[in-house]
$ cat input-v8.cif   # mmCIF, N, CA and C atoms
data_upload
#
loop_
_atom_site.group_PDB
_atom_site.id
_atom_site.type_symbol
_atom_site.label_atom_id
_atom_site.label_comp_id
_atom_site.auth_asym_id
_atom_site.auth_seq_id
_atom_site.Cartn_x
_atom_site.Cartn_y
_atom_site.Cartn_z
ATOM 1 N N MET A 1 -0.259 -29.297 18.449
ATOM 2 C CA MET A 1 0.496 -28.131 18.872
ATOM 3 C C MET A 1 1.822 -28.584 19.479
ATOM 4 N N THR A 2 2.883 -27.885 19.107
ATOM 5 C CA THR A 2 4.213 -28.248 19.573
ATOM 6 C C THR A 2 4.465 -27.677 20.953
ATOM 7 N N ASN A 3 5.090 -28.470 21.781
ATOM 8 C CA ASN A 3 5.467 -28.025 23.109
ATOM 9 C C ASN A 3 6.791 -27.281 23.008
ATOM 10 N N ILE A 4 6.849 -26.020 23.425
ATOM 11 C CA ILE A 4 8.069 -25.222 23.337
ATOM 12 C C ILE A 4 8.711 -25.157 24.714
ATOM 13 N N ASN A 5 10.001 -25.488 24.745
ATOM 14 C CA ASN A 5 10.761 -25.402 25.978
ATOM 15 C C ASN A 5 11.126 -23.940 26.203
ATOM 16 N N LYS A 6 10.748 -23.386 27.337
ATOM 17 C CA LYS A 6 11.003 -21.971 27.612
ATOM 18 C C LYS A 6 12.495 -21.647 27.628
ATOM 19 N N ASN A 7 13.341 -22.612 27.898
ATOM 20 C CA ASN A 7 14.783 -22.383 27.935
ATOM 21 C C ASN A 7 15.377 -22.272 26.532
ATOM 22 N N SER A 8 14.646 -22.685 25.480
ATOM 23 C CA SER A 8 15.187 -22.658 24.126
ATOM 24 C C SER A 8 14.845 -21.359 23.374
ATOM 25 N N ILE A 9 14.038 -20.503 23.977
ATOM 26 C CA ILE A 9 13.661 -19.247 23.337
ATOM 27 C C ILE A 9 14.770 -18.227 23.584
ATOM 28 N N PRO A 10 15.304 -17.594 22.499
ATOM 29 C CA PRO A 10 16.367 -16.595 22.699
ATOM 30 C C PRO A 10 15.841 -15.376 23.445
ATOM 31 N N GLU A 11 16.722 -14.733 24.171
ATOM 32 C CA GLU A 11 16.361 -13.540 24.928
ATOM 33 C C GLU A 11 16.160 -12.371 23.962
ATOM 34 N N ILE A 12 15.083 -11.633 24.128
ATOM 35 C CA ILE A 12 14.793 -10.461 23.306
ATOM 36 C C ILE A 12 15.429 -9.250 23.965
ATOM 37 N N GLU A 13 16.195 -8.502 23.158
ATOM 38 C CA GLU A 13 16.854 -7.307 23.678
ATOM 39 C C GLU A 13 16.285 -6.083 22.987
ATOM 40 N N ARG A 14 15.980 -5.067 23.758
ATOM 41 C CA ARG A 14 15.425 -3.836 23.213
ATOM 42 C C ARG A 14 16.389 -2.684 23.449
ATOM 43 N N GLY A 15 16.290 -1.669 22.579
ATOM 44 C CA GLY A 15 17.070 -0.460 22.774
ATOM 45 C C GLY A 15 18.525 -0.566 22.333
ATOM 46 N N ILE A 16 18.873 -1.602 21.569
ATOM 47 C CA ILE A 16 20.236 -1.741 21.063
ATOM 48 C C ILE A 16 20.296 -0.992 19.732
ATOM 49 N N PRO A 17 21.109 0.073 19.624
ATOM 50 C CA PRO A 17 21.146 0.860 18.377
ATOM 51 C C PRO A 17 21.818 0.086 17.238
ATOM 52 N N LEU A 18 21.332 0.337 16.029
ATOM 53 C CA LEU A 18 21.959 -0.235 14.844
ATOM 54 C C LEU A 18 23.279 0.469 14.576
ATOM 55 N N PRO A 19 24.262 -0.242 14.022
ATOM 56 C CA PRO A 19 25.514 0.440 13.662
ATOM 57 C C PRO A 19 25.246 1.526 12.631
ATOM 58 N N SER A 20 25.980 2.621 12.705
ATOM 59 C CA SER A 20 25.748 3.735 11.792
ATOM 60 C C SER A 20 26.382 3.510 10.430
ATOM 61 N N ASN A 21 27.244 2.528 10.285
ATOM 62 C CA ASN A 21 27.956 2.288 9.038
ATOM 63 C C ASN A 21 27.308 1.167 8.219
ATOM 64 N N ARG A 22 26.012 1.171 8.102
ATOM 65 C CA ARG A 22 25.309 0.090 7.432
ATOM 66 C C ARG A 22 25.236 0.267 5.922
ATOM 67 N N LYS A 23 25.737 1.351 5.361
ATOM 68 C CA LYS A 23 25.672 1.560 3.916
ATOM 69 C C LYS A 23 26.836 0.863 3.229
ATOM 70 N N SER A 24 26.540 0.256 2.094
ATOM 71 C CA SER A 24 27.606 -0.334 1.296
ATOM 72 C C SER A 24 28.412 0.777 0.644
ATOM 73 N N GLY A 25 29.536 0.433 0.067
ATOM 74 C CA GLY A 25 30.358 1.422 -0.611
ATOM 75 C C GLY A 25 29.617 2.137 -1.718
ATOM 76 N N TRP A 26 28.804 1.411 -2.476
ATOM 77 C CA TRP A 26 28.063 2.018 -3.583
ATOM 78 C C TRP A 26 26.979 2.943 -3.060
ATOM 79 N N SER A 27 26.269 2.537 -2.033
ATOM 80 C CA SER A 27 25.218 3.388 -1.464
ATOM 81 C C SER A 27 25.808 4.647 -0.849
ATOM 82 N N LEU A 28 26.963 4.512 -0.230
ATOM 83 C CA LEU A 28 27.633 5.667 0.346
ATOM 84 C C LEU A 28 28.058 6.642 -0.757
ATOM 85 N N THR A 29 28.558 6.100 -1.857
ATOM 86 C CA THR A 29 28.942 6.940 -2.998
ATOM 87 C C THR A 29 27.734 7.700 -3.528
ATOM 88 N N VAL A 30 26.602 6.997 -3.689
ATOM 89 C CA VAL A 30 25.374 7.631 -4.182
ATOM 90 C C VAL A 30 24.939 8.756 -3.248
ATOM 91 N N SER A 31 25.013 8.527 -1.947
ATOM 92 C CA SER A 31 24.553 9.543 -0.989
ATOM 93 C C SER A 31 25.431 10.797 -1.021
ATOM 94 N N LYS A 32 26.682 10.659 -1.430
ATOM 95 C CA LYS A 32 27.582 11.807 -1.501
ATOM 96 C C LYS A 32 27.488 12.548 -2.832
ATOM 97 N N MET A 33 26.845 11.941 -3.819
ATOM 98 C CA MET A 33 26.725 12.559 -5.146
ATOM 99 C C MET A 33 25.527 13.492 -5.204
ATOM 100 N N SER A 34 25.642 14.530 -6.004
ATOM 101 C CA SER A 34 24.521 15.409 -6.312
ATOM 102 C C SER A 34 23.970 15.033 -7.679
ATOM 103 N N GLU A 35 22.763 15.494 -7.956
ATOM 104 C CA GLU A 35 22.172 15.233 -9.265
ATOM 105 C C GLU A 35 23.095 15.786 -10.364
ATOM 106 N N GLY A 36 23.368 14.965 -11.369
ATOM 107 C CA GLY A 36 24.229 15.375 -12.473
ATOM 108 C C GLY A 36 25.688 14.979 -12.291
ATOM 109 N N ASP A 37 26.079 14.569 -11.077
ATOM 110 C CA ASP A 37 27.447 14.104 -10.855
ATOM 111 C C ASP A 37 27.642 12.746 -11.516
ATOM 112 N N SER A 38 28.894 12.426 -11.829
ATOM 113 C CA SER A 38 29.191 11.132 -12.443
ATOM 114 C C SER A 38 30.458 10.542 -11.852
ATOM 115 N N ILE A 39 30.606 9.225 -11.996
ATOM 116 C CA ILE A 39 31.826 8.529 -11.607
ATOM 117 C C ILE A 39 32.195 7.553 -12.721
ATOM 118 N N VAL A 40 33.461 7.150 -12.736
ATOM 119 C CA VAL A 40 33.920 6.134 -13.676
ATOM 120 C C VAL A 40 34.084 4.835 -12.899
ATOM 121 N N VAL A 41 33.503 3.752 -13.418
ATOM 122 C CA VAL A 41 33.628 2.432 -12.801
ATOM 123 C C VAL A 41 34.482 1.542 -13.693
ATOM 124 N N LYS A 42 35.088 0.526 -13.102
ATOM 125 C CA LYS A 42 36.108 -0.270 -13.780
ATOM 126 C C LYS A 42 35.577 -1.286 -14.782
ATOM 127 N N ASN A 43 34.338 -1.765 -14.567
ATOM 128 C CA ASN A 43 33.835 -2.836 -15.441
ATOM 129 C C ASN A 43 32.308 -2.896 -15.390
ATOM 130 N N TYR A 44 31.747 -3.835 -16.155
ATOM 131 C CA TYR A 44 30.301 -3.978 -16.264
ATOM 132 C C TYR A 44 29.673 -4.381 -14.927
ATOM 133 N N THR A 45 30.369 -5.191 -14.144
ATOM 134 C CA THR A 45 29.846 -5.602 -12.837
ATOM 135 C C THR A 45 29.684 -4.395 -11.921
ATOM 136 N N GLU A 46 30.699 -3.528 -11.888
ATOM 137 C CA GLU A 46 30.605 -2.322 -11.061
ATOM 138 C C GLU A 46 29.525 -1.379 -11.587
ATOM 139 N N LEU A 47 29.345 -1.335 -12.894
ATOM 140 C CA LEU A 47 28.270 -0.527 -13.488
ATOM 141 C C LEU A 47 26.920 -0.980 -12.951
ATOM 142 N N ASN A 48 26.688 -2.287 -12.959
ATOM 143 C CA ASN A 48 25.411 -2.812 -12.454
ATOM 144 C C ASN A 48 25.224 -2.540 -10.970
ATOM 145 N N LYS A 49 26.285 -2.652 -10.189
ATOM 146 C CA LYS A 49 26.187 -2.379 -8.748
ATOM 147 C C LYS A 49 25.850 -0.910 -8.493
ATOM 148 N N MET A 50 26.494 -0.025 -9.243
ATOM 149 C CA MET A 50 26.231 1.405 -9.076
ATOM 150 C C MET A 50 24.804 1.747 -9.496
ATOM 151 N N ARG A 51 24.365 1.186 -10.612
ATOM 152 C CA ARG A 51 22.998 1.457 -11.069
ATOM 153 C C ARG A 51 21.973 0.923 -10.061
ATOM 154 N N SER A 52 22.238 -0.229 -9.474
ATOM 155 C CA SER A 52 21.327 -0.788 -8.465
ATOM 156 C C SER A 52 21.267 0.113 -7.232
ATOM 157 N N ALA A 53 22.429 0.622 -6.811
ATOM 158 C CA ALA A 53 22.464 1.520 -5.643
ATOM 159 C C ALA A 53 21.685 2.797 -5.930
ATOM 160 N N LEU A 54 21.815 3.326 -7.136
ATOM 161 C CA LEU A 54 21.063 4.521 -7.510
ATOM 162 C C LEU A 54 19.563 4.245 -7.502
ATOM 163 N N THR A 55 19.156 3.123 -8.048
ATOM 164 C CA THR A 55 17.736 2.756 -8.089
ATOM 165 C C THR A 55 17.185 2.590 -6.679
ATOM 166 N N ARG A 56 17.920 1.895 -5.807
ATOM 167 C CA ARG A 56 17.469 1.704 -4.417
ATOM 168 C C ARG A 56 17.311 3.037 -3.700
ATOM 169 N N ALA A 57 18.118 4.017 -4.057
ATOM 170 C CA ALA A 57 18.047 5.341 -3.417
ATOM 171 C C ALA A 57 16.989 6.243 -4.070
ATOM 172 N N GLY A 58 16.287 5.730 -5.085
ATOM 173 C CA GLY A 58 15.220 6.506 -5.714
ATOM 174 C C GLY A 58 15.690 7.391 -6.858
ATOM 175 N N TRP A 59 16.878 7.136 -7.384
ATOM 176 C CA TRP A 59 17.436 7.917 -8.485
ATOM 177 C C TRP A 59 17.469 7.093 -9.759
ATOM 178 N N GLY A 60 17.654 7.782 -10.851
ATOM 179 C CA GLY A 60 17.875 7.138 -12.131
ATOM 180 C C GLY A 60 19.353 7.205 -12.461
ATOM 181 N N SER A 61 19.717 6.580 -13.581
ATOM 182 C CA SER A 61 21.117 6.617 -13.991
ATOM 183 C C SER A 61 21.204 6.687 -15.505
ATOM 184 N N SER A 62 22.306 7.210 -15.950
ATOM 185 C CA SER A 62 22.644 7.202 -17.364
ATOM 186 C C SER A 62 24.102 6.791 -17.424
ATOM 187 N N ALA A 63 24.460 5.977 -18.412
ATOM 188 C CA ALA A 63 25.837 5.487 -18.486
ATOM 189 C C ALA A 63 26.303 5.425 -19.925
ATOM 190 N N THR A 64 27.618 5.529 -20.070
ATOM 191 C CA THR A 64 28.231 5.359 -21.380
ATOM 192 C C THR A 64 29.523 4.578 -21.216
ATOM 193 N N GLU A 65 29.836 3.780 -22.229
ATOM 194 C CA GLU A 65 31.079 2.999 -22.184
ATOM 195 C C GLU A 65 32.240 3.879 -22.628
ATOM 196 N N LEU A 66 33.328 3.796 -21.883
ATOM 197 C CA LEU A 66 34.540 4.538 -22.202
ATOM 198 C C LEU A 66 35.584 3.565 -22.762
ATOM 199 N N GLU A 67 36.830 3.967 -22.716
ATOM 200 C CA GLU A 67 37.918 3.111 -23.188
ATOM 201 C C GLU A 67 38.146 1.942 -22.237
ATOM 202 N N ASN A 68 38.729 0.875 -22.763
ATOM 203 C CA ASN A 68 39.145 -0.278 -21.951
ATOM 204 C C ASN A 68 38.029 -0.878 -21.107
ATOM 205 N N GLN A 69 36.820 -0.890 -21.621
ATOM 206 C CA GLN A 69 35.647 -1.471 -20.957
ATOM 207 C C GLN A 69 35.354 -0.842 -19.596
ATOM 208 N N THR A 70 35.663 0.448 -19.447
ATOM 209 C CA THR A 70 35.236 1.189 -18.260
ATOM 210 C C THR A 70 33.966 1.946 -18.621
ATOM 211 N N PHE A 71 33.251 2.430 -17.606
ATOM 212 C CA PHE A 71 31.971 3.096 -17.832
ATOM 213 C C PHE A 71 31.882 4.360 -16.985
ATOM 214 N N ARG A 72 31.208 5.384 -17.495
ATOM 215 C CA ARG A 72 30.874 6.580 -16.735
ATOM 216 C C ARG A 72 29.384 6.499 -16.420
ATOM 217 N N VAL A 73 29.045 6.707 -15.139
ATOM 218 C CA VAL A 73 27.650 6.625 -14.675
ATOM 219 C C VAL A 73 27.258 7.956 -14.048
ATOM 220 N N TRP A 74 26.125 8.507 -14.480
ATOM 221 C CA TRP A 74 25.605 9.765 -13.948
ATOM 222 C C TRP A 74 24.418 9.492 -13.027
ATOM 223 N N LYS A 75 24.281 10.328 -12.009
ATOM 224 C CA LYS A 75 23.111 10.319 -11.123
ATOM 225 C C LYS A 75 22.106 11.303 -11.698
ATOM 226 N N VAL A 76 20.933 10.799 -12.097
ATOM 227 C CA VAL A 76 19.922 11.644 -12.721
ATOM 228 C C VAL A 76 18.567 11.409 -12.052
ATOM 229 N N LYS A 77 17.633 12.325 -12.325
ATOM 230 C CA LYS A 77 16.267 12.138 -11.821
ATOM 231 C C LYS A 77 15.685 10.866 -12.401
ATOM 232 N N LYS A 78 14.876 10.207 -11.597
ATOM 233 C CA LYS A 78 14.223 8.984 -12.045
ATOM 234 C C LYS A 78 13.130 9.329 -13.048
ATOM 235 N N ARG A 79 13.115 8.636 -14.147
ATOM 236 C CA ARG A 79 12.068 8.834 -15.153
ATOM 237 C C ARG A 79 10.915 7.882 -14.871
ATOM 238 N N PHE A 80 9.724 8.334 -15.156
ATOM 239 C CA PHE A 80 8.552 7.504 -14.937
ATOM 240 C C PHE A 80 8.006 7.025 -16.269
ATOM 241 N N HIS A 81 7.558 5.802 -16.255
ATOM 242 C CA HIS A 81 6.904 5.232 -17.420
ATOM 243 C C HIS A 81 5.496 5.805 -17.491
ATOM 244 N N LYS A 82 4.936 5.941 -18.692
ATOM 245 C CA LYS A 82 3.593 6.503 -18.846
ATOM 246 C C LYS A 82 2.556 5.776 -17.999
ATOM 247 N N ALA A 83 2.690 4.463 -17.892
ATOM 248 C CA ALA A 83 1.739 3.680 -17.098
ATOM 249 C C ALA A 83 1.812 4.067 -15.629
ATOM 250 N N GLN A 84 3.009 4.374 -15.126
ATOM 251 C CA GLN A 84 3.156 4.782 -13.727
ATOM 252 C C GLN A 84 2.528 6.148 -13.483
ATOM 253 N N LEU A 85 2.609 7.031 -14.451
ATOM 254 C CA LEU A 85 2.030 8.365 -14.297
ATOM 255 C C LEU A 85 0.524 8.317 -14.231
ATOM 256 N N LYS A 86 -0.108 7.413 -14.977
ATOM 257 C CA LYS A 86 -1.575 7.310 -14.973
ATOM 258 C C LYS A 86 -2.105 6.831 -13.630
ATOM 259 N N LYS A 87 -1.332 6.022 -12.890
ATOM 260 C CA LYS A 87 -1.763 5.483 -11.609
ATOM 261 C C LYS A 87 -1.786 6.543 -10.523
ATOM 262 N N GLN A 88 -0.999 7.614 -10.690
ATOM 263 C CA GLN A 88 -0.885 8.624 -9.630
ATOM 264 C C GLN A 88 -2.061 9.550 -9.578
#
$ encode --input "input-v8.cif" --output "structure tokens"
Amino acid sequence: MTNINKNSIPEIERGIPLPSNRKSGWSLTVSKMSEGDSIVVKNYTELNKMRSALTRAGWGSSATELENQTFRVWKVKKRFHKAQLKKQ
């Protein structure tokens, strides 16, 4: 068993509120969108970030490629796979 020096243990603080601005830009965008709303993103990387934010928030997405490698992404209801429906 390791001997722990009591002076090396960090002080525990309680009751410190979390900052209210903890949402990323993509998560904030998702929270402001209604079902069926869409946005245009600049590239494939932004498309993936937006789709990930939608998934984390419990939504689905649909996307289409536009001109100049930009994409339109819609906020839609999450679809369930048949296997997921059988488990419920």
$ atom_distance --input "input-v8.cif" --atom1 "atom C of Arg56 in chain A" --atom2 "atom C of Val73 in chain A"
15.2 Å
$ residues_near_point --input "input-v8.cif" --point "(27.2, 7.8, -2.4)" --cutoff "12 Å" --atoms "only C-alpha atoms" --output "list in words"
Lys23, Ser24, Gly25, Trp26, Ser27, Leu28, Thr29, Val30, Ser31, Lys32, Met33, Ser34, Glu35, Asp37, Ser38, Ile39, Met50, Arg51, Ala53, Leu54, Arg56, Ala57, Trp59, Trp74 and Lys75 of chain A
$ resolve_selection --input "input-v8.cif" --expression "the PyMOL selection byres ((chain A and resi 43) around 6)" --output "list in words"
Val41, Lys42, Tyr44, Thr45, Glu46, Leu47, Gln69, Thr70 and Phe71 of chain A
$ write_last_selection --input "input-v8.cif" --atoms "N, CA and C atoms" --output "JSON list (two decimals), in the coordinates of the input"
[["chain", "number", "residue", "atom", "x", "y", "z"],
["A", 41, "VAL", "N", 33.50, 3.75, -13.42],
["A", 41, "VAL", "CA", 33.63, 2.43, -12.80],
["A", 41, "VAL", "C", 34.48, 1.54, -13.69],
["A", 42, "LYS", "N", 35.09, 0.53, -13.10],
["A", 42, "LYS", "CA", 36.11, -0.27, -13.78],
["A", 42, "LYS", "C", 35.58, -1.29, -14.78],
["A", 44, "TYR", "N", 31.75, -3.84, -16.16],
["A", 44, "TYR", "CA", 30.30, -3.98, -16.26],
["A", 44, "TYR", "C", 29.67, -4.38, -14.93],
["A", 45, "THR", "N", 30.37, -5.19, -14.14],
["A", 45, "THR", "CA", 29.85, -5.60, -12.84],
["A", 45, "THR", "C", 29.68, -4.39, -11.92],
["A", 46, "GLU", "N", 30.70, -3.53, -11.89],
["A", 46, "GLU", "CA", 30.60, -2.32, -11.06],
["A", 46, "GLU", "C", 29.52, -1.38, -11.59],
["A", 47, "LEU", "N", 29.34, -1.34, -12.89],
["A", 47, "LEU", "CA", 28.27, -0.53, -13.49],
["A", 47, "LEU", "C", 26.92, -0.98, -12.95],
["A", 69, "GLN", "N", 36.82, -0.89, -21.62],
["A", 69, "GLN", "CA", 35.65, -1.47, -20.96],
["A", 69, "GLN", "C", 35.35, -0.84, -19.60],
["A", 70, "THR", "N", 35.66, 0.45, -19.45],
["A", 70, "THR", "CA", 35.24, 1.19, -18.26],
["A", 70, "THR", "C", 33.97, 1.95, -18.62],
["A", 71, "PHE", "N", 33.25, 2.43, -17.61],
["A", 71, "PHE", "CA", 31.97, 3.10, -17.83],
["A", 71, "PHE", "C", 31.88, 4.36, -16.98]]
$ resolve_selection --input "input-v8.cif" --expression "the PyMOL selection byres ((chain A and resi 78) around 6)" --output "ChimeraX atom specification"
/A:58-60,76-77,79-80
$ select_by_dssp --input "input-v8.cif" --residues "range 27-65 of chain A" --states "helix (DSSP H, G or I)" --output "tab-separated table (two decimals) with N, CA and C atoms, in the coordinates of the input"
chain	number	residue	atom	x	y	z
A	27	SER	N	26.27	2.54	-2.03
A	27	SER	CA	25.22	3.39	-1.46
A	27	SER	C	25.81	4.65	-0.85
A	28	LEU	N	26.96	4.51	-0.23
A	28	LEU	CA	27.63	5.67	0.35
A	28	LEU	C	28.06	6.64	-0.76
A	29	THR	N	28.56	6.10	-1.86
A	29	THR	CA	28.94	6.94	-3.00
A	29	THR	C	27.73	7.70	-3.53
A	30	VAL	N	26.60	7.00	-3.69
A	30	VAL	CA	25.37	7.63	-4.18
A	30	VAL	C	24.94	8.76	-3.25
A	31	SER	N	25.01	8.53	-1.95
A	31	SER	CA	24.55	9.54	-0.99
A	31	SER	C	25.43	10.80	-1.02
A	32	LYS	N	26.68	10.66	-1.43
A	32	LYS	CA	27.58	11.81	-1.50
A	32	LYS	C	27.49	12.55	-2.83
A	44	TYR	N	31.75	-3.84	-16.16
A	44	TYR	CA	30.30	-3.98	-16.26
A	44	TYR	C	29.67	-4.38	-14.93
A	45	THR	N	30.37	-5.19	-14.14
A	45	THR	CA	29.85	-5.60	-12.84
A	45	THR	C	29.68	-4.39	-11.92
A	46	GLU	N	30.70	-3.53	-11.89
A	46	GLU	CA	30.60	-2.32	-11.06
A	46	GLU	C	29.52	-1.38	-11.59
A	47	LEU	N	29.34	-1.34	-12.89
A	47	LEU	CA	28.27	-0.53	-13.49
A	47	LEU	C	26.92	-0.98	-12.95
A	48	ASN	N	26.69	-2.29	-12.96
A	48	ASN	CA	25.41	-2.81	-12.45
A	48	ASN	C	25.22	-2.54	-10.97
A	49	LYS	N	26.28	-2.65	-10.19
A	49	LYS	CA	26.19	-2.38	-8.75
A	49	LYS	C	25.85	-0.91	-8.49
A	50	MET	N	26.49	-0.02	-9.24
A	50	MET	CA	26.23	1.40	-9.08
A	50	MET	C	24.80	1.75	-9.50
A	51	ARG	N	24.36	1.19	-10.61
A	51	ARG	CA	23.00	1.46	-11.07
A	51	ARG	C	21.97	0.92	-10.06
A	52	SER	N	22.24	-0.23	-9.47
A	52	SER	CA	21.33	-0.79	-8.46
A	52	SER	C	21.27	0.11	-7.23
A	53	ALA	N	22.43	0.62	-6.81
A	53	ALA	CA	22.46	1.52	-5.64
A	53	ALA	C	21.68	2.80	-5.93
A	54	LEU	N	21.82	3.33	-7.14
A	54	LEU	CA	21.06	4.52	-7.51
A	54	LEU	C	19.56	4.24	-7.50
A	55	THR	N	19.16	3.12	-8.05
A	55	THR	CA	17.74	2.76	-8.09
A	55	THR	C	17.18	2.59	-6.68
A	56	ARG	N	17.92	1.90	-5.81
A	56	ARG	CA	17.47	1.70	-4.42
A	56	ARG	C	17.31	3.04	-3.70
$ atom_distance --input "input-v8.cif" --atom1 "atom N of Glu67 in chain A" --atom2 "atom C of Lys49 in chain A"
18.6 Å
$ atom_distance --input "input-v8.cif" --atom1 "atom C of Glu65 in chain A" --atom2 "atom N of Asn48 in chain A"
12.7 Å
$ select_by_dssp --input "input-v8.cif" --residues "range 30-65 of chain A" --states "strand (DSSP E or B)" --output "PyMOL selection string"
chain A and resi 38-41+60-65
